[in-house]
Amino acid sequence: MSTSLSAITAAKVRAALPGIPQQPTAEAIDRQARKVTVTVQGRQTTVDCPAWCILGHSGERLADLSDLYHEGETIALAAPQFDGRTEVLAASIRQDPFYMDADERLPYLSLDAAGDGSDASLPPSAALAFADQLVAHAERIRAEVAKLNAEGAR
């Protein structure tokens, strides 16, 4: 007997929720691109800060302008684990606008897949390809859940 995911009862969904961490909702925050002042080797310098950057930069004292970076809000997937929940697939937009290598000055997606602080720097095309793979993986998980649901209906 084949049972679709839509056949799962509301009671079964409610029963499963305590083991599934709720994901945070994204609240739109209206930020504007702005000019910020940082101190570099004792001298105040004004730099552009993109609208997506959540860092205030005020009071930053830098040894070199190349130490300045911008960072967006971190999003992460809270996944259930045997001993609690863990944050995985943490991602944020980052930019090192004064990095020595001009090719690396553009914004990128910082992706910490395991939640252990090791991150990959993905340019937009690679980040989009990863997101597409993530959607395909979610569909495969749904297919596995459908198999479980079909087993439970026997």
# chains A, B, ... in the order shown; residues from 1 in each chain; ligands from 1
>>> residues_around(residues="A:Ser66", least_positions_apart="5", cutoff="10 Å", atoms="only C-alpha atoms", output="PyMOL selection string")
chain A and resi 40+96-100+105
>>> write_last_selection(atoms="C-alpha atoms", output="PDB file, in the first residue's frame")
ATOM      1  CA  VAL A  40      43.662  52.260  11.133  1.00  0.00           C
ATOM      2  CA  ASP A  96      37.044  41.361   2.689  1.00  0.00           C
ATOM      3  CA  PRO A  97      36.906  44.581   0.633  1.00  0.00           C
ATOM      4  CA  PHE A  98      40.549  45.527   1.113  1.00  0.00           C
ATOM      5  CA  TYR A  99      42.107  42.075   0.717  1.00  0.00           C
ATOM      6  CA  MET A 100      45.389  42.085  -1.203  1.00  0.00           C
ATOM      7  CA  ARG A 105      37.523  41.294  -2.526  1.00  0.00           C
TER       8      ARG A 105
END
>>> residues_around(residues="A:Ser58", least_positions_apart="4", cutoff="12 Å", atoms="only C-alpha atoms", output="PyMOL selection string")
chain A and resi 35-39+44-47+49+54+62+68
>>> write_last_selection(atoms="all heavy atoms", output="short mmCIF file (atom, residue, chain, number, x, y, z; two decimals), in the first residue's frame")
data_model
loop_
_atom_site.label_atom_id
_atom_site.label_comp_id
_atom_site.auth_asym_id
_atom_site.auth_seq_id
_atom_site.Cartn_x
_atom_site.Cartn_y
_atom_site.Cartn_z
N LYS A 35 28.23 54.74 5.45
CA LYS A 35 29.65 55.02 5.64
C LYS A 35 29.94 54.79 7.12
O LYS A 35 29.16 55.17 7.98
CB LYS A 35 29.97 56.48 5.28
CG LYS A 35 29.62 56.86 3.86
CD LYS A 35 30.83 56.74 3.01
CE LYS A 35 30.51 57.26 1.59
NZ LYS A 35 31.40 56.70 0.63
N VAL A 36 31.06 54.13 7.41
CA VAL A 36 31.47 53.90 8.79
C VAL A 36 32.90 54.40 8.95
O VAL A 36 33.67 54.44 8.00
CB VAL A 36 31.37 52.42 9.19
CG1 VAL A 36 29.92 51.96 9.19
CG2 VAL A 36 32.20 51.54 8.29
N THR A 37 33.22 54.77 10.18
CA THR A 37 34.56 55.25 10.48
C THR A 37 35.29 54.23 11.34
O THR A 37 34.76 53.81 12.37
CB THR A 37 34.49 56.62 11.20
OG1 THR A 37 33.77 57.54 10.37
CG2 THR A 37 35.88 57.16 11.46
N VAL A 38 36.44 53.82 10.90
CA VAL A 38 37.29 52.90 11.65
C VAL A 38 38.65 53.56 11.87
O VAL A 38 39.00 54.51 11.17
CB VAL A 38 37.47 51.55 10.91
CG1 VAL A 38 36.14 50.82 10.78
CG2 VAL A 38 38.10 51.74 9.54
N THR A 39 39.37 53.07 12.83
CA THR A 39 40.70 53.59 13.11
C THR A 39 41.75 52.61 12.61
O THR A 39 41.75 51.44 12.99
CB THR A 39 40.88 53.82 14.63
OG1 THR A 39 39.84 54.69 15.08
CG2 THR A 39 42.22 54.45 14.94
N GLN A 44 41.75 57.91 11.68
CA GLN A 44 40.37 57.58 11.35
C GLN A 44 40.19 57.56 9.84
O GLN A 44 40.67 58.43 9.13
CB GLN A 44 39.41 58.58 11.99
CG GLN A 44 39.34 58.42 13.48
CD GLN A 44 38.16 59.18 14.07
OE1 GLN A 44 37.74 60.20 13.54
NE2 GLN A 44 37.65 58.66 15.17
N THR A 45 39.50 56.51 9.38
CA THR A 45 39.26 56.32 7.96
C THR A 45 37.79 55.98 7.76
O THR A 45 37.21 55.21 8.51
CB THR A 45 40.11 55.15 7.42
OG1 THR A 45 41.49 55.42 7.67
CG2 THR A 45 39.91 54.95 5.94
N THR A 46 37.18 56.57 6.76
CA THR A 46 35.78 56.29 6.44
C THR A 46 35.72 55.30 5.28
O THR A 46 36.41 55.47 4.28
CB THR A 46 35.04 57.60 6.06
OG1 THR A 46 35.15 58.51 7.15
CG2 THR A 46 33.57 57.33 5.77
N VAL A 47 34.91 54.27 5.47
CA VAL A 47 34.75 53.24 4.43
C VAL A 47 33.27 52.97 4.19
O VAL A 47 32.43 53.23 5.05
CB VAL A 47 35.46 51.92 4.82
CG1 VAL A 47 36.97 52.11 4.93
CG2 VAL A 47 34.92 51.35 6.10
N CYS A 49 30.05 50.59 3.88
CA CYS A 49 29.58 49.37 4.52
C CYS A 49 28.27 48.97 3.82
O CYS A 49 27.34 49.77 3.75
CB CYS A 49 29.34 49.61 6.01
SG CYS A 49 28.91 48.13 6.93
N ILE A 54 26.01 43.32 9.27
CA ILE A 54 25.42 43.51 10.60
C ILE A 54 26.44 44.05 11.60
O ILE A 54 26.09 44.33 12.74
CB ILE A 54 24.80 42.21 11.14
CG1 ILE A 54 25.87 41.13 11.32
CG2 ILE A 54 23.66 41.74 10.25
CD1 ILE A 54 25.40 39.91 12.08
N LEU A 62 42.15 48.89 13.75
CA LEU A 62 42.77 47.92 12.86
C LEU A 62 44.25 48.22 12.66
O LEU A 62 44.65 49.38 12.59
CB LEU A 62 42.06 47.95 11.50
CG LEU A 62 40.53 47.81 11.52
CD1 LEU A 62 39.94 48.12 10.16
CD2 LEU A 62 40.14 46.41 11.97
N LEU A 68 39.84 44.79 7.82
CA LEU A 68 38.41 45.10 7.86
C LEU A 68 37.64 44.08 7.02
O LEU A 68 38.05 43.73 5.92
CB LEU A 68 38.12 46.50 7.31
CG LEU A 68 36.64 46.85 7.31
CD1 LEU A 68 36.33 47.79 8.46
CD2 LEU A 68 36.21 47.44 6.00
#
>>> atom_distance(atom1="atom CA of A:Arg61", atom2="atom CA of A:Arg43")
9.2 Å
>>> atom_distance(atom1="atom CA of A:Pro50", atom2="atom CA of A:Leu106")
11.7 Å
>>> residues_around(residues="A:Leu109", least_positions_apart="6", cutoff="7 Å", atoms="only C-alpha atoms", output="mmCIF file with all heavy atoms, in the first residue's frame")
data_model
loop_
_atom_site.group_PDB
_atom_site.id
_atom_site.type_symbol
_atom_site.label_atom_id
_atom_site.label_comp_id
_atom_site.auth_asym_id
_atom_site.auth_seq_id
_atom_site.Cartn_x
_atom_site.Cartn_y
_atom_site.Cartn_z
ATOM 1 N N ALA A 91 25.589 29.666 7.518
ATOM 2 C CA ALA A 91 26.027 30.440 6.363
ATOM 3 C C ALA A 91 25.818 31.924 6.608
ATOM 4 O O ALA A 91 24.868 32.324 7.283
ATOM 5 C CB ALA A 91 25.251 30.008 5.116
ATOM 6 N N SER A 92 26.703 32.717 6.056
ATOM 7 C CA SER A 92 26.545 34.168 6.095
ATOM 8 C C SER A 92 27.309 34.767 4.923
ATOM 9 O O SER A 92 28.252 34.159 4.405
ATOM 10 C CB SER A 92 27.066 34.752 7.419
ATOM 11 O OG SER A 92 28.463 34.566 7.533
ATOM 12 N N ILE A 93 26.884 35.945 4.533
ATOM 13 C CA ILE A 93 27.610 36.670 3.492
ATOM 14 C C ILE A 93 28.799 37.335 4.176
ATOM 15 O O ILE A 93 28.677 37.872 5.272
ATOM 16 C CB ILE A 93 26.718 37.740 2.832
ATOM 17 C CG1 ILE A 93 25.511 37.102 2.174
ATOM 18 C CG2 ILE A 93 27.534 38.554 1.820
ATOM 19 C CD1 ILE A 93 24.494 38.111 1.669
ATOM 20 N N ARG A 94 29.926 37.281 3.516
ATOM 21 C CA ARG A 94 31.130 37.958 4.030
ATOM 22 C C ARG A 94 31.826 38.662 2.880
ATOM 23 O O ARG A 94 31.636 38.318 1.708
ATOM 24 C CB ARG A 94 32.091 36.962 4.664
ATOM 25 C CG ARG A 94 31.551 36.444 5.987
ATOM 26 C CD ARG A 94 32.577 35.819 6.842
ATOM 27 N NE ARG A 94 33.704 36.721 7.047
ATOM 28 C CZ ARG A 94 34.581 36.580 8.021
ATOM 29 N NH1 ARG A 94 34.460 35.617 8.880
ATOM 30 N NH2 ARG A 94 35.608 37.388 8.143
ATOM 31 N N SER A 121 34.565 29.300 1.497
ATOM 32 C CA SER A 121 34.229 30.590 0.908
ATOM 33 C C SER A 121 33.712 30.334 -0.504
ATOM 34 O O SER A 121 34.489 29.995 -1.394
ATOM 35 C CB SER A 121 35.461 31.496 0.861
ATOM 36 O OG SER A 121 35.994 31.674 2.150
ATOM 37 N N LEU A 122 32.404 30.470 -0.687
ATOM 38 C CA LEU A 122 31.793 30.151 -1.975
ATOM 39 C C LEU A 122 31.389 31.419 -2.722
ATOM 40 O O LEU A 122 30.590 32.213 -2.214
ATOM 41 C CB LEU A 122 30.550 29.284 -1.767
ATOM 42 C CG LEU A 122 30.741 27.976 -1.005
ATOM 43 C CD1 LEU A 122 29.400 27.274 -0.827
ATOM 44 C CD2 LEU A 122 31.733 27.081 -1.706
ATOM 45 N N PRO A 123 31.891 31.604 -3.946
ATOM 46 C CA PRO A 123 31.408 32.723 -4.763
ATOM 47 C C PRO A 123 29.946 32.466 -5.128
ATOM 48 O O PRO A 123 29.458 31.333 -4.989
ATOM 49 C CB PRO A 123 32.326 32.708 -5.975
ATOM 50 C CG PRO A 123 32.838 31.317 -6.059
ATOM 51 C CD PRO A 123 32.871 30.787 -4.654
ATOM 52 N N ALA A 127 27.808 29.012 -4.582
ATOM 53 C CA ALA A 127 26.807 29.021 -3.517
ATOM 54 C C ALA A 127 25.444 28.606 -4.068
ATOM 55 O O ALA A 127 24.717 27.829 -3.444
ATOM 56 C CB ALA A 127 26.731 30.393 -2.863
#
>>> residues_around(residues="A:Ala120", least_positions_apart="5", cutoff="7 Å", atoms="only C-alpha atoms", output="list in words")
Ser110, Leu111 and Asp112 of chain A
>>> closest_residue(among="A:Ala51, A:Ala113, A:Thr86, A:Gln41", to="A:Asp64", atoms="only C-alpha atoms")
A:Gln41
>>> residues_around(residues="A:Cys53", least_positions_apart="5", cutoff="8 Å", atoms="only C-alpha atoms", output="VMD selection string")
chain A and resid 70 to 73
>>> write_last_selection(atoms="all heavy atoms", output="PDB file, in the first residue's frame")
ATOM      1  N   HIS A  70      33.346  42.647   6.245  1.00  0.00           N
ATOM      2  CA  HIS A  70      31.903  42.811   6.439  1.00  0.00           C
ATOM      3  C   HIS A  70      31.308  41.417   6.601  1.00  0.00           C
ATOM      4  O   HIS A  70      31.768  40.459   5.979  1.00  0.00           O
ATOM      5  CB  HIS A  70      31.255  43.514   5.243  1.00  0.00           C
ATOM      6  CG  HIS A  70      31.807  44.884   4.995  1.00  0.00           C
ATOM      7  ND1 HIS A  70      31.671  45.915   5.896  1.00  0.00           N
ATOM      8  CD2 HIS A  70      32.497  45.383   3.942  1.00  0.00           C
ATOM      9  CE1 HIS A  70      32.254  46.991   5.404  1.00  0.00           C
ATOM     10  NE2 HIS A  70      32.760  46.702   4.216  1.00  0.00           N
ATOM     11  N   GLU A  71      30.267  41.325   7.431  1.00  0.00           N
ATOM     12  CA  GLU A  71      29.624  40.037   7.656  1.00  0.00           C
ATOM     13  C   GLU A  71      28.122  40.224   7.757  1.00  0.00           C
ATOM     14  O   GLU A  71      27.646  41.127   8.443  1.00  0.00           O
ATOM     15  CB  GLU A  71      30.150  39.398   8.940  1.00  0.00           C
ATOM     16  CG  GLU A  71      29.605  38.010   9.166  1.00  0.00           C
ATOM     17  CD  GLU A  71      30.354  37.264  10.261  1.00  0.00           C
ATOM     18  OE1 GLU A  71      31.219  37.841  10.928  1.00  0.00           O
ATOM     19  OE2 GLU A  71      30.052  36.078  10.425  1.00  0.00           O
ATOM     20  N   GLY A  72      27.383  39.350   7.081  1.00  0.00           N
ATOM     21  CA  GLY A  72      25.929  39.360   7.149  1.00  0.00           C
ATOM     22  C   GLY A  72      25.439  38.490   8.287  1.00  0.00           C
ATOM     23  O   GLY A  72      26.211  37.816   8.969  1.00  0.00           O
ATOM     24  N   GLU A  73      24.156  38.486   8.468  1.00  0.00           N
ATOM     25  CA  GLU A  73      23.534  37.674   9.509  1.00  0.00           C
ATOM     26  C   GLU A  73      23.757  36.191   9.218  1.00  0.00           C
ATOM     27  O   GLU A  73      23.662  35.751   8.081  1.00  0.00           O
ATOM     28  CB  GLU A  73      22.038  37.984   9.532  1.00  0.00           C
ATOM     29  CG  GLU A  73      21.353  37.516  10.763  1.00  0.00           C
ATOM     30  CD  GLU A  73      19.989  38.158  10.913  1.00  0.00           C
ATOM     31  OE1 GLU A  73      19.760  39.239  10.361  1.00  0.00           O
ATOM     32  OE2 GLU A  73      19.161  37.546  11.589  1.00  0.00           O
TER      33      GLU A  73
END
